[in-house]
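Raw data.tsv, TSV, C-alpha atoms:
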```tsv
chain	number	residue	atom	x	y	z
A	615	MET	CA	115.55	-151.87	18.36
A	616	ALA	CA	112.44	-150.12	19.71
A	617	GLU	CA	113.48	-146.91	17.97
A	618	ASP	CA	113.90	-148.76	14.68
A	619	ARG	CA	110.40	-150.21	15.00
A	620	ARG	CA	108.99	-146.78	15.76
A	621	GLY	CA	110.65	-145.34	12.69
A	622	GLY	CA	108.42	-147.21	10.22
A	623	VAL	CA	108.28	-145.30	6.95
A	624	GLY	CA	111.04	-142.97	8.11
A	625	ARG	CA	113.40	-145.86	8.76
A	626	ARG	CA	112.79	-147.26	5.28
A	627	ILE	CA	113.44	-143.83	3.73
A	628	GLN	CA	116.69	-143.53	5.67
A	629	GLU	CA	117.85	-147.02	4.64
A	630	LEU	CA	117.17	-146.32	0.97
A	631	ARG	CA	118.81	-142.89	1.17
A	632	LEU	CA	121.97	-144.39	2.64
A	633	LEU	CA	121.99	-147.20	0.08
A	634	ARG	CA	121.91	-144.59	-2.70
A	635	GLY	CA	124.62	-142.51	-1.04
A	636	HIS	CA	122.49	-139.38	-0.63
A	637	THR	CA	122.87	-136.90	2.21
A	638	LEU	CA	119.77	-135.47	3.80
A	639	ARG	CA	120.32	-132.27	1.87
A	640	GLU	CA	120.79	-134.09	-1.46
A	641	LEU	CA	117.65	-136.22	-1.12
A	642	GLY	CA	115.71	-133.20	0.08
A	643	ARG	CA	116.83	-131.26	-3.00
A	644	ARG	CA	115.78	-134.08	-5.34
A	645	ALA	CA	112.36	-134.40	-3.68
A	646	ALA	CA	111.83	-130.66	-3.03
A	647	VAL	CA	111.62	-131.36	0.72
A	648	SER	CA	113.61	-129.47	3.32
A	649	ALA	CA	116.47	-131.35	4.99
A	650	SER	CA	115.04	-130.55	8.42
A	651	MET	CA	111.64	-132.01	7.51
A	652	LEU	CA	113.31	-135.07	6.03
A	653	SER	CA	115.33	-135.56	9.22
A	654	ARG	CA	112.15	-135.46	11.30
A	655	ILE	CA	110.47	-137.95	8.98
A	656	GLU	CA	113.41	-140.36	9.24
A	657	THR	CA	113.41	-140.26	13.05
A	658	GLY	CA	109.65	-140.79	13.21
A	659	ALA	CA	109.01	-137.35	14.70
A	660	ARG	CA	106.86	-136.36	11.71
A	661	THR	CA	104.42	-138.37	9.61
A	662	PRO	CA	104.79	-137.45	5.92
A	663	SER	CA	101.80	-136.69	3.73
A	664	GLU	CA	101.10	-138.91	0.74
A	665	GLN	CA	102.34	-136.12	-1.54
A	666	VAL	CA	105.67	-135.96	0.29
A	667	LEU	CA	105.95	-139.75	0.19
A	668	ALA	CA	105.33	-139.76	-3.55
A	669	ALA	CA	108.05	-137.16	-4.08
A	670	LEU	CA	110.53	-139.09	-1.92
A	671	ALA	CA	109.69	-142.36	-3.68
A	672	ARG	CA	110.40	-140.77	-7.07
A	673	ALA	CA	113.70	-139.35	-5.80
A	674	LEU	CA	114.72	-142.74	-4.39
A	675	GLY	CA	113.63	-144.67	-7.47
A	676	VAL	CA	111.08	-146.88	-5.70
A	677	THR	CA	107.31	-147.12	-5.49
A	678	VAL	CA	105.31	-145.65	-2.63
A	679	SER	CA	104.32	-149.21	-1.67
A	680	VAL	CA	107.94	-149.93	-0.76
A	681	LEU	CA	108.00	-146.94	1.60
A	682	HIS	CA	104.72	-148.12	3.11
A	683	GLY	CA	106.33	-151.40	4.07
A	684	GLN	CA	106.02	-153.73	1.09
A	685	PRO	CA	109.71	-154.33	0.36
A	686	TYR	CA	109.12	-157.92	-0.68
A	687	ILE	CA	106.66	-157.19	-3.45
A	688	GLU	CA	108.90	-158.83	-6.05
A	689	GLN	CA	109.05	-161.97	-3.92
A	690	LEU	CA	105.28	-161.93	-3.69
A	691	ARG	CA	105.07	-161.64	-7.46
A	692	LYS	CA	107.41	-164.57	-7.91
A	693	ASP	CA	105.08	-166.60	-5.72
A	694	GLN	CA	102.08	-165.28	-7.71
A	695	LEU	CA	100.44	-164.04	-4.53
A	696	ASP	CA	100.15	-160.44	-5.62
A	697	ARG	CA	97.37	-161.45	-8.03
A	698	LEU	CA	95.27	-162.27	-4.96
A	699	ILE	CA	95.47	-158.79	-3.44
A	700	SER	CA	93.54	-156.74	-6.01
A	701	PRO	CA	90.32	-158.81	-5.75
A	702	LEU	CA	90.33	-158.31	-1.99
A	703	GLY	CA	90.43	-154.53	-2.41
A	704	THR	CA	87.63	-154.68	-4.98
A	705	ALA	CA	85.49	-156.78	-2.66
A	706	LEU	CA	85.95	-154.26	0.16
A	707	ASP	CA	85.15	-151.39	-2.22
A	708	ASN	CA	81.88	-153.15	-3.12
A	709	TRP	CA	80.89	-153.47	0.54
A	710	GLY	CA	77.24	-152.51	1.02
A	711	ILE	CA	76.51	-152.01	-2.70
A	712	PRO	CA	73.26	-153.79	-3.68
A	713	PRO	CA	73.78	-156.90	-5.85
A	714	GLU	CA	72.77	-157.15	-9.48
A	715	ASP	CA	69.23	-158.37	-10.14
A	716	ASP	CA	70.48	-161.64	-11.60
A	717	ASP	CA	72.99	-162.37	-8.82
A	718	PRO	CA	72.23	-165.63	-6.98
A	719	ALA	CA	70.74	-165.39	-3.52
A	720	PRO	CA	73.24	-165.85	-0.69
A	721	ARG	CA	73.37	-169.15	1.11
A	722	GLY	CA	71.87	-169.50	4.54
A	723	LEU	CA	73.62	-168.20	7.62
A	724	GLU	CA	74.47	-171.73	8.77
A	725	GLN	CA	76.32	-172.46	5.52
A	726	LEU	CA	78.04	-169.09	5.58
A	727	GLY	CA	79.03	-169.79	9.16
A	728	SER	CA	80.76	-172.98	8.02
A	729	ASP	CA	82.79	-170.95	5.53
A	730	ILE	CA	83.72	-168.45	8.24
A	731	SER	CA	84.90	-171.36	10.40
A	732	ARG	CA	87.15	-172.29	7.49
A	733	VAL	CA	88.41	-168.69	7.32
A	734	ARG	CA	89.26	-168.80	11.02
A	735	GLN	CA	91.11	-172.10	10.62
A	736	LEU	CA	93.15	-170.77	7.68
A	737	ARG	CA	94.11	-167.75	9.77
A	738	THR	CA	95.15	-170.03	12.62
A	739	ASP	CA	97.24	-172.16	10.25
A	740	SER	CA	98.81	-169.14	8.48
A	741	GLU	CA	97.52	-170.36	5.10
A	742	TYR	CA	97.24	-166.83	3.75
A	743	GLY	CA	97.35	-167.69	0.05
A	744	THR	CA	94.38	-170.05	0.32
A	745	LEU	CA	92.61	-167.53	2.53
A	746	ALA	CA	93.11	-164.76	-0.01
A	747	GLU	CA	91.64	-166.90	-2.78
A	748	MET	CA	88.57	-167.72	-0.73
A	749	LEU	CA	87.65	-164.30	0.65
A	750	PRO	CA	86.60	-162.10	-2.32
A	751	GLY	CA	83.60	-164.22	-3.26
A	752	LEU	CA	82.68	-164.77	0.36
A	753	LEU	CA	82.80	-161.03	1.10
A	754	GLY	CA	80.35	-160.36	-1.73
A	755	GLU	CA	78.01	-163.05	-0.52
A	756	MET	CA	78.25	-161.80	3.06
A	757	SER	CA	77.40	-158.25	1.95
A	758	HIS	CA	74.33	-159.64	0.14
A	759	ALA	CA	73.37	-161.68	3.22
A	760	THR	CA	73.25	-158.58	5.43
A	761	MET	CA	70.75	-157.04	3.00
A	762	VAL	CA	68.60	-160.17	3.09
A	763	HIS	CA	68.30	-159.76	6.88
A	764	PRO	CA	67.46	-156.05	7.35
A	765	VAL	CA	65.11	-156.47	10.33
A	766	PRO	CA	66.75	-156.02	13.74
A	767	GLY	CA	67.09	-159.32	15.52
A	768	HIS	CA	69.23	-162.42	15.86
A	769	ASP	CA	69.63	-163.17	12.13
A	770	ARG	CA	70.66	-159.61	11.32
A	771	GLU	CA	73.23	-159.60	14.11
A	772	ARG	CA	74.53	-163.01	13.06
A	773	ALA	CA	74.95	-161.87	9.45
A	774	HIS	CA	76.98	-158.85	10.53
A	775	TRP	CA	79.02	-160.98	12.97
A	776	LEU	CA	80.01	-163.28	10.12
A	777	GLN	CA	80.71	-160.27	7.90
A	778	ALA	CA	83.05	-158.84	10.55
A	779	GLU	CA	84.95	-162.15	10.64
A	780	ALA	CA	85.33	-162.10	6.85
A	781	ALA	CA	86.74	-158.57	6.99
A	782	LEU	CA	89.13	-159.67	9.73
A	783	GLY	CA	90.34	-162.39	7.39
A	784	VAL	CA	91.22	-159.75	4.80
A	785	PHE	CA	93.09	-157.79	7.46
A	786	SER	CA	95.15	-160.87	8.30
A	787	VAL	CA	96.18	-161.39	4.67
A	788	ALA	CA	96.91	-157.72	4.03
A	789	TYR	CA	98.86	-157.24	7.26
A	790	LYS	CA	101.00	-160.34	6.83
A	791	PHE	CA	101.88	-159.42	3.24
A	792	GLY	CA	102.59	-155.77	4.08
A	793	TYR	CA	99.61	-154.09	2.35
A	794	MET	CA	98.88	-151.65	5.16
A	795	ASP	CA	96.41	-149.47	3.26
A	796	LEU	CA	94.34	-152.57	2.47
A	797	ALA	CA	94.65	-153.67	6.10
A	798	ARG	CA	93.24	-150.32	7.28
A	799	LEU	CA	90.37	-150.53	4.80
A	800	ALA	CA	89.57	-154.05	6.02
A	801	LEU	CA	89.44	-152.84	9.62
A	802	SER	CA	87.17	-149.93	8.73
A	803	ARG	CA	84.76	-152.44	7.18
A	804	MET	CA	85.11	-154.74	10.18
A	805	ALA	CA	84.24	-151.85	12.52
A	806	MET	CA	81.03	-151.18	10.56
A	807	ALA	CA	79.95	-154.82	10.79
A	808	ALA	CA	81.05	-155.30	14.41
A	809	ALA	CA	78.93	-152.35	15.53
A	810	LEU	CA	75.83	-154.17	14.18
A	811	SER	CA	76.80	-157.64	15.37
A	812	GLY	CA	75.43	-157.26	18.89
A	813	ASP	CA	78.72	-158.59	20.22
A	814	PRO	CA	80.94	-156.18	22.17
A	815	ARG	CA	83.82	-158.67	21.96
A	816	GLN	CA	83.81	-158.29	18.20
A	817	VAL	CA	84.11	-154.52	18.63
A	818	ALA	CA	87.03	-155.04	21.02
A	819	ALA	CA	88.73	-157.39	18.54
A	820	GLU	CA	88.67	-154.64	15.90
A	821	ARG	CA	90.27	-152.23	18.34
A	822	VAL	CA	93.06	-154.69	19.09
A	823	LYS	CA	93.86	-155.01	15.41
A	824	ARG	CA	93.67	-151.25	14.87
A	825	ALA	CA	96.11	-150.80	17.74
A	826	GLN	CA	98.33	-153.39	16.08
A	827	LEU	CA	98.65	-151.13	13.05
A	828	SER	CA	99.96	-148.40	15.36
A	829	ALA	CA	102.95	-150.51	16.39
A	830	ASP	CA	105.03	-149.38	13.40
A	831	GLY	CA	105.36	-145.63	13.65
A	832	PRO	CA	104.80	-142.59	15.83
A	833	ALA	CA	101.12	-143.45	16.48
A	834	MET	CA	101.79	-145.93	19.29
A	835	GLU	CA	100.32	-143.60	21.90
A	836	GLN	CA	97.12	-143.61	19.86
A	837	GLY	CA	97.30	-147.40	19.84
A	838	LEU	CA	97.54	-147.43	23.62
A	839	ARG	CA	94.49	-145.19	23.82
A	840	LEU	CA	92.61	-147.70	21.68
A	841	VAL	CA	93.65	-150.50	24.02
A	842	ARG	CA	92.52	-148.58	27.09
A	843	GLN	CA	89.24	-147.66	25.41
A	844	GLY	CA	88.68	-151.30	24.53
A	845	LEU	CA	89.23	-152.35	28.13
A	846	ARG	CA	86.83	-149.67	29.37
A	847	ASP	CA	84.13	-150.59	26.86
A	848	LEU	CA	84.36	-154.39	27.21
A	849	GLU	CA	82.99	-155.00	30.67
A	850	ASP	CA	84.41	-158.08	32.39
A	851	ASP	CA	81.32	-160.31	32.65
A	852	GLY	CA	83.33	-163.26	33.93
A	853	THR	CA	82.84	-165.43	30.85
A	854	PRO	CA	85.93	-167.12	29.35
A	855	GLY	CA	85.38	-165.48	25.94
A	856	THR	CA	85.23	-161.96	27.33
A	857	ARG	CA	88.16	-162.54	29.68
A	858	ALA	CA	90.26	-163.92	26.81
A	859	VAL	CA	89.52	-160.87	24.65
A	860	ARG	CA	90.36	-158.58	27.55
A	861	GLY	CA	93.57	-160.56	27.98
A	862	GLY	CA	94.35	-159.98	24.32
A	863	LEU	CA	93.86	-156.25	24.80
A	864	ILE	CA	96.22	-156.30	27.78
A	865	LEU	CA	98.88	-158.18	25.81
A	866	LYS	CA	98.60	-155.58	23.05
A	867	GLY	CA	99.33	-152.99	25.74
A	868	VAL	CA	102.37	-155.03	26.78
A	869	GLN	CA	103.61	-154.90	23.19
A	870	MET	CA	103.08	-151.16	22.90
A	871	HIS	CA	104.85	-150.36	26.16
A	872	GLY	CA	107.70	-152.66	25.15
A	873	LEU	CA	108.14	-150.84	21.85
A	874	LEU	CA	108.15	-147.55	23.73
A	875	GLY	CA	110.85	-148.88	26.08
A	876	ARG	CA	108.68	-148.60	29.21
A	877	GLY	CA	109.90	-151.52	31.27
A	878	ASP	CA	107.88	-150.66	34.40
A	879	GLU	CA	104.63	-150.49	32.44
A	880	VAL	CA	105.45	-153.75	30.70
A	881	GLY	CA	105.85	-155.40	34.10
A	882	THR	CA	102.55	-154.03	35.39
A	883	TRP	CA	100.54	-155.08	32.35
A	884	LEU	CA	102.25	-158.48	32.18
A	885	ALA	CA	101.38	-159.17	35.81
A	886	GLU	CA	97.70	-158.54	35.06
A	887	ALA	CA	97.82	-160.73	31.95
A	888	ARG	CA	99.55	-163.54	33.85
A	889	GLY	CA	96.85	-163.46	36.51
A	890	ILE	CA	94.05	-163.88	33.96
A	891	ALA	CA	96.02	-166.51	32.03
A	892	ALA	CA	96.58	-168.57	35.18
A	893	GLU	CA	92.81	-168.64	35.77
A	894	LEU	CA	91.78	-169.38	32.17
A	895	GLY	CA	94.54	-171.69	30.95
A	896	GLU	CA	95.15	-172.01	27.20
A	897	THR	CA	92.23	-170.56	25.20
A	898	ASN	CA	91.40	-169.59	21.62
A	899	HIS	CA	88.28	-167.45	21.91
A	900	TYR	CA	87.77	-165.08	18.96
A	901	LEU	CA	91.18	-166.33	17.78
A	902	PHE	CA	92.78	-164.58	20.73
A	903	VAL	CA	95.28	-167.29	21.56
A	904	PHE	CA	95.31	-166.13	25.14
A	905	GLY	CA	96.84	-168.13	27.95
A	906	PRO	CA	100.09	-168.73	29.80
A	907	THR	CA	102.06	-169.54	26.63
A	908	ASN	CA	101.09	-166.47	24.64
A	909	THR	CA	101.57	-164.28	27.70
A	910	GLU	CA	105.17	-165.47	28.01
A	911	GLN	CA	105.62	-164.96	24.27
A	912	HIS	CA	104.71	-161.32	24.78
A	913	ALA	CA	107.14	-161.11	27.70
A	914	MET	CA	109.85	-162.46	25.39
A	915	ALA	CA	108.97	-160.07	22.56
A	916	ALA	CA	108.76	-157.07	24.90
A	917	ALA	CA	112.25	-157.82	26.24
A	918	GLY	CA	113.57	-158.01	22.69
A	919	ASP	CA	111.86	-154.75	21.75
A	920	ARG	CA	113.66	-153.10	24.67
A	921	ASP	CA	116.95	-154.51	23.34
A	922	ASP	CA	117.24	-156.85	26.34
A	923	HIS	CA	117.86	-159.87	24.17
A	924	ALA	CA	119.53	-161.89	26.93
A	925	GLU	CA	116.31	-161.65	28.93
A	926	ALA	CA	114.27	-162.50	25.80
A	927	VAL	CA	116.30	-165.67	25.29
A	928	ALA	CA	115.93	-166.58	28.96
A	929	VAL	CA	112.14	-166.23	28.72
A	930	SER	CA	112.02	-168.20	25.46
A	931	ASP	CA	114.01	-171.00	27.07
A	932	ARG	CA	111.20	-171.42	29.60
A	933	VAL	CA	108.41	-171.55	27.01
A	934	ARG	CA	107.08	-174.94	25.97
A	935	LEU	CA	104.63	-174.72	23.08
A	936	PRO	CA	101.55	-176.83	23.88
A	937	GLU	CA	100.38	-179.67	21.66
A	938	GLY	CA	98.19	-178.25	18.90
A	939	TYR	CA	99.34	-174.67	19.48
A	940	PRO	CA	98.22	-172.49	16.52
A	941	ALA	CA	100.79	-172.39	13.74
A	942	ALA	CA	100.69	-168.60	13.46
A	943	ARG	CA	101.63	-168.09	17.11
A	944	ALA	CA	104.20	-170.92	17.05
A	945	GLY	CA	105.83	-169.33	14.01
A	946	VAL	CA	106.06	-165.95	15.76
A	947	TYR	CA	107.64	-167.62	18.80
A	948	TRP	CA	110.43	-169.13	16.70
A	949	ILE	CA	110.93	-165.91	14.72
A	950	ASP	CA	111.23	-163.81	17.89
A	951	ARG	CA	113.56	-166.37	19.47
A	952	ALA	CA	115.75	-166.32	16.36
A	953	ARG	CA	116.02	-162.53	16.53
A	954	SER	CA	117.23	-162.51	20.12
A	955	LEU	CA	119.60	-165.45	19.62
A	956	ALA	CA	121.16	-163.71	16.62
A	957	LEU	CA	121.59	-160.47	18.55
A	958	THR	CA	123.32	-162.32	21.40
A	959	ALA	CA	125.78	-163.92	18.95
A	960	ARG	CA	124.22	-167.40	19.07
A	961	CYS	CA	124.10	-167.72	15.31
A	962	ASP	CA	123.63	-171.48	15.00
A	963	GLY	CA	120.72	-171.44	17.44
A	964	ALA	CA	119.17	-168.49	15.60
A	965	LEU	CA	119.29	-170.31	12.29
A	966	ASP	CA	117.84	-173.44	13.90
A	967	ALA	CA	114.96	-171.30	15.20
A	968	LEU	CA	114.33	-169.84	11.74
A	969	TYR	CA	114.12	-173.32	10.28
A	970	GLU	CA	111.64	-174.28	13.01
A	971	ALA	CA	109.56	-171.22	12.09
A	972	ARG	CA	109.62	-172.25	8.44
A	973	LYS	CA	108.50	-175.76	9.36
A	974	VAL	CA	105.45	-174.71	11.38
A	975	SER	CA	104.42	-171.56	9.46
A	976	PRO	CA	106.18	-171.27	6.08
A	977	GLN	CA	104.22	-168.42	4.44
A	978	GLN	CA	104.31	-166.25	7.53
A	979	THR	CA	108.02	-166.89	8.02
A	980	ARG	CA	108.89	-166.19	4.39
A	981	TYR	CA	107.36	-162.70	4.44
A	982	HIS	CA	107.88	-161.68	8.07
A	983	PRO	CA	110.08	-158.55	8.34
A	984	THR	CA	111.81	-159.91	11.45
A	985	THR	CA	112.85	-162.98	9.47
A	986	HIS	CA	114.54	-160.75	6.93
A	987	SER	CA	116.27	-158.55	9.48
A	988	THR	CA	117.50	-161.60	11.42
A	989	VAL	CA	118.88	-163.21	8.29
A	990	GLY	CA	120.69	-159.93	7.62
A	991	VAL	CA	122.25	-160.06	11.09
A	992	LEU	CA	123.40	-163.64	10.52
A	993	LEU	CA	124.87	-162.83	7.11
A	994	ARG	CA	126.86	-159.91	8.52
A	995	ALA	CA	128.09	-161.97	11.50
A	996	ARG	CA	130.07	-164.48	9.45
A	997	PRO	CA	133.16	-164.01	7.28
A	998	SER	CA	131.83	-166.72	4.96
A	999	VAL	CA	128.24	-167.82	4.50
A	1000	PRO	CA	127.46	-171.47	5.33
A	1001	ASP	CA	125.37	-173.36	2.79
A	1002	ARG	CA	122.50	-173.78	5.25
A	1003	LEU	CA	122.26	-170.03	5.85
A	1004	ARG	CA	122.67	-169.28	2.14
A	1005	SER	CA	119.82	-171.66	1.38
A	1006	PHE	CA	117.50	-170.05	3.93
A	1007	ALA	CA	118.40	-166.56	2.76
A	1008	GLY	CA	117.56	-167.51	-0.81
A	1009	TRP	CA	114.28	-169.09	0.24
A	1010	SER	CA	113.20	-166.02	2.21
A	1011	GLY	CA	114.18	-163.59	-0.54
A	1012	VAL	CA	116.97	-161.80	1.33
```
Before we go any further, please render this structure as structure tokens.
Amino acid sequence: MAEDRRGGVGRRIQELRLLRGHTLRELGRRAAVSASMLSRIETGARTPSEQVLAALARALGVTVSVLHGQPYIEQLRKDQLDRLISPLGTALDNWGIPPEDDDPAPRGLEQLGSDISRVRQLRTDSEYGTLAEMLPGLLGEMSHATMVHPVPGHDRERAHWLQAEAALGVFSVAYKFGYMDLARLALSRMAMAAALSGDPRQVAAERVKRAQLSADGPAMEQGLRLVRQGLRDLEDDGTPGTRAVRGGLILKGVQMHGLLGRGDEVGTWLAEARGIAAELGETNHYLFVFGPTNTEQHAMAAAGDRDDHAEAVAVSDRVRLPEGYPAARAGVYWIDRARSLALTARCDGALDALYEARKVSPQQTRYHPTTHSTVGVLLRARPSVPDRLRSFAGWSGV
């Protein structure tokens, strides 16, 4: 499983090649790429250039976006969510460009802060469609607000802090819907704003998300370097907010080591995270849902990423989601539990878990790649497809 996750683009190329019945040599001939290079791309040993990706996409009869990890674009179009993506990209492209003379003045920082609180709540609740509709206009207003407060001081830092949060909202939408290029652009904008926010925790939050993008491909070592850099740069001042962000960085390290199959490192990093979580309890600083529950979720996911699905199920059996636990994290718990139940031949329990995920976090569950792969496992495990599974498969677009 860890190797599949590391494959990223290469894995998708291989799947499409096999579906079309091409050998490595045949696809290489069609795309004017050597079979040896193609083999290295498929195993994740080589990252293809955009030109090579374009040639492979043409040879496979798909768009480059599919190879980049947007296989559910048609499902997004059916749900009319794709219309929300383009305005987000435009808003990020307009970042820092002075407004027109007749543009209205931005609202005050207090009012903009209320909107950012709404952005944070929508992220917590996994309401990505509503979030995507809200953000383009807010990003433009936030960019204007930073120009209204050019003098170094509290107001300037506050404006950039709010701007960083708006960019993080775009990242959340883009990442969940599979638009990785847009996600990277959002993080580059977030990094610019965070550096001017006067808040080192905001800088660390950007590094966590940038490391997150490294979890699907051969750049995981780079992701680990980002995590370590974040821990070095964010000094532990003893405050709950800082400790929670540091805990989030540590849990990202747990994920990376799990994907790389490093069980000993996972144990070391988990032990540190558990120590901090035991002291802090359940927290939600900077939307790092850090605490005992999320720490055990990462232990469960890391076991699954190492293909130890029996251990993952055992950990998930011990987890009790607290009252009011954020929908996004609750949805991930049920999705990860479903994966490991399916891969230990507990098909009914896996489907029950998928339905729980849909109940608490429907949009996230519908587009989550693990949902789709788990449904595929369940479909292949049965000689005939029960109506309940057929219904869920249809709903999720499998």
For this session: Considering all atoms listed in the file, return as a list in words whatever protein or nucleic-acid residues lie within 8 Å of stretch 975-982 of chain A, sequence-local ones (same chain, fewer than 2 positions apart) excluded.
Result: Tyr686, Asp739, Ser740, Glu741, Tyr742, Lys790, Phe791, Ala941, Ala942, Ala944, Gly945, Ile949, Leu968, Ala971, Arg972, Lys973, Thr984, Thr985, His986, Trp1009, Ser1010 and Gly1011 of chain A
Exercise. Residues at most 12 Å from A:Gly1008, counting only C-alpha atoms, excluding those fewer than 3 positions away in the same chain, as a ChimeraX atom specification?
Worked result: /A:689,980,986,989-990,993,999,1001-1005,1011-1012
Same residues, C-alpha atoms, saved as a JSON list (two decimals), in the coordinates of the input:
```
[["chain", "number", "residue", "atom", "x", "y", "z"],
["A", 689, "GLN", "CA", 109.05, -161.97, -3.92],
["A", 980, "ARG", "CA", 108.89, -166.19, 4.39],
["A", 986, "HIS", "CA", 114.54, -160.75, 6.93],
["A", 989, "VAL", "CA", 118.88, -163.21, 8.29],
["A", 990, "GLY", "CA", 120.69, -159.93, 7.62],
["A", 993, "LEU", "CA", 124.87, -162.83, 7.11],
["A", 999, "VAL", "CA", 128.24, -167.82, 4.50],
["A", 1001, "ASP", "CA", 125.37, -173.36, 2.79],
["A", 1002, "ARG", "CA", 122.50, -173.78, 5.25],
["A", 1003, "LEU", "CA", 122.26, -170.03, 5.85],
["A", 1004, "ARG", "CA", 122.67, -169.28, 2.14],
["A", 1005, "SER", "CA", 119.82, -171.66, 1.38],
["A", 1011, "GLY", "CA", 114.18, -163.59, -0.54],
["A", 1012, "VAL", "CA", 116.97, -161.80, 1.33]]
```
Report as a compact mmCIF listing (two decimals) with C-alpha atoms, in the coordinates of the input all protein, DNA and RNA residues lying within 10 Å of A:Ser828, evaluated on all atoms listed in the file, omitting residues in the same chain fewer than 3 positions from it.
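That gives us selection-v4.txt:
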```txt
# COMPACT_ATOMS: atom_id res chain seq x y z
CA ARG A 620 108.99 -146.78 15.76
CA GLY A 622 108.42 -147.21 10.22
CA LYS A 823 93.86 -155.01 15.41
CA ARG A 824 93.67 -151.25 14.87
CA ALA A 825 96.11 -150.80 17.74
CA GLY A 831 105.36 -145.63 13.65
CA PRO A 832 104.80 -142.59 15.83
CA ALA A 833 101.12 -143.45 16.48
CA MET A 834 101.79 -145.93 19.29
CA GLU A 835 100.32 -143.60 21.90
CA GLN A 836 97.12 -143.61 19.86
CA GLY A 837 97.30 -147.40 19.84
CA LEU A 838 97.54 -147.43 23.62
CA LEU A 840 92.61 -147.70 21.68
CA MET A 870 103.08 -151.16 22.90
```
Each stretch 690-766 of chain A residue no farther than 12 Å from stretch 895-918 of chain A, nearest pair in Å, only C-alpha atoms, as CSV:
```
residue,atom,partner,partner_atom,distance
A:Ile730,CA,A:Tyr900,CA,11.9
A:Ser731,CA,A:Leu901,CA,10.9
A:Val733,CA,A:Leu901,CA,11.1
A:Arg734,CA,A:Leu901,CA,7.4
A:Gln735,CA,A:Leu901,CA,9.2
A:Leu736,CA,A:Leu901,CA,11.2
A:Arg737,CA,A:Leu901,CA,8.6
A:Thr738,CA,A:Leu901,CA,7.5
A:Asp739,CA,A:Leu901,CA,11.3
```
For this session: Would you kindly identify which residues have an atom no farther than 12 Å from (122.9, -170.5, 16.2), using only C-alpha atoms and the file's own coordinates, and write them out as a PyMOL selection string?
Result: chain A and resi 951-969+988-989+991-992+995-996+1000+1002-1003
For this session: Work out how far atom CA of A:Lys866 is from atom CA of A:Tyr947, in Å to one decimal.
Result: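 For atom CA of A:Tyr947 relative to atom CA of A:Lys866, the distance reads 15.6 Å.
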Problem set entry | Option closest in space to A:Gly872, from A:Leu884, A:Ala819, A:Leu782, A:Leu698 [counting all atoms listed in the file] |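 For A:Gly872, the nearest of the given residues is A:Leu884.
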Seminar exercise, completed: Shortest contact to A:Ala746, candidates A:Gly844, A:Pro718, A:Gly703, A:Gly658, atoms counted only C-alpha atoms, goes to A:Gly703
Problem set entry | Separation of atom CA of A:Arg639 from atom CA of A:Val666 in Å |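 Separation between atom CA of A:Val666 and atom CA of A:Arg639: 15.2 Å.
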Problem set entry | d(atom CA of A:Gly642, atom CA of A:Val680) in Å | 18.5 Å
Problem set entry | 10 Å contact set for A:Arg860, all atoms listed in the file, chain neighbours under 2 positions out, as a PyMOL selection string | chain A and resi 815+818-819+822+841+844-846+848-850+854-858+862-866+887+890+902+904
Could you pull stretch 972-988 of chain A out of the structure just shown and give C-alpha atoms as a PDB file, in the first residue's frame?
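Saved file result.pdb follows:
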```pdb
ATOM      1  CA  ARG A 972     -20.837   9.846   4.255  1.00  0.00           C
ATOM      2  CA  LYS A 973     -23.103  10.817   7.135  1.00  0.00           C
ATOM      3  CA  VAL A 974     -20.564  13.030   8.921  1.00  0.00           C
ATOM      4  CA  SER A 975     -18.652  14.429   5.915  1.00  0.00           C
ATOM      5  CA  PRO A 976     -20.450  13.786   2.608  1.00  0.00           C
ATOM      6  CA  GLN A 977     -18.450  15.984   0.204  1.00  0.00           C
ATOM      7  CA  GLN A 978     -15.105  14.825   1.529  1.00  0.00           C
ATOM      8  CA  THR A 979     -16.186  11.183   1.407  1.00  0.00           C
ATOM      9  CA  ARG A 980     -17.580  11.445  -2.114  1.00  0.00           C
ATOM     10  CA  TYR A 981     -14.301  12.680  -3.591  1.00  0.00           C
ATOM     11  CA  HIS A 982     -11.752  11.012  -1.315  1.00  0.00           C
ATOM     12  CA  PRO A 983      -9.441   8.661  -3.282  1.00  0.00           C
ATOM     13  CA  THR A 984      -9.407   6.134  -0.430  1.00  0.00           C
ATOM     14  CA  THR A 985     -13.202   5.936  -0.634  1.00  0.00           C
ATOM     15  CA  HIS A 986     -12.939   4.990  -4.283  1.00  0.00           C
ATOM     16  CA  SER A 987     -10.184   2.437  -3.795  1.00  0.00           C
ATOM     17  CA  THR A 988     -12.053   0.842  -0.867  1.00  0.00           C
TER      18      THR A 988
END
```
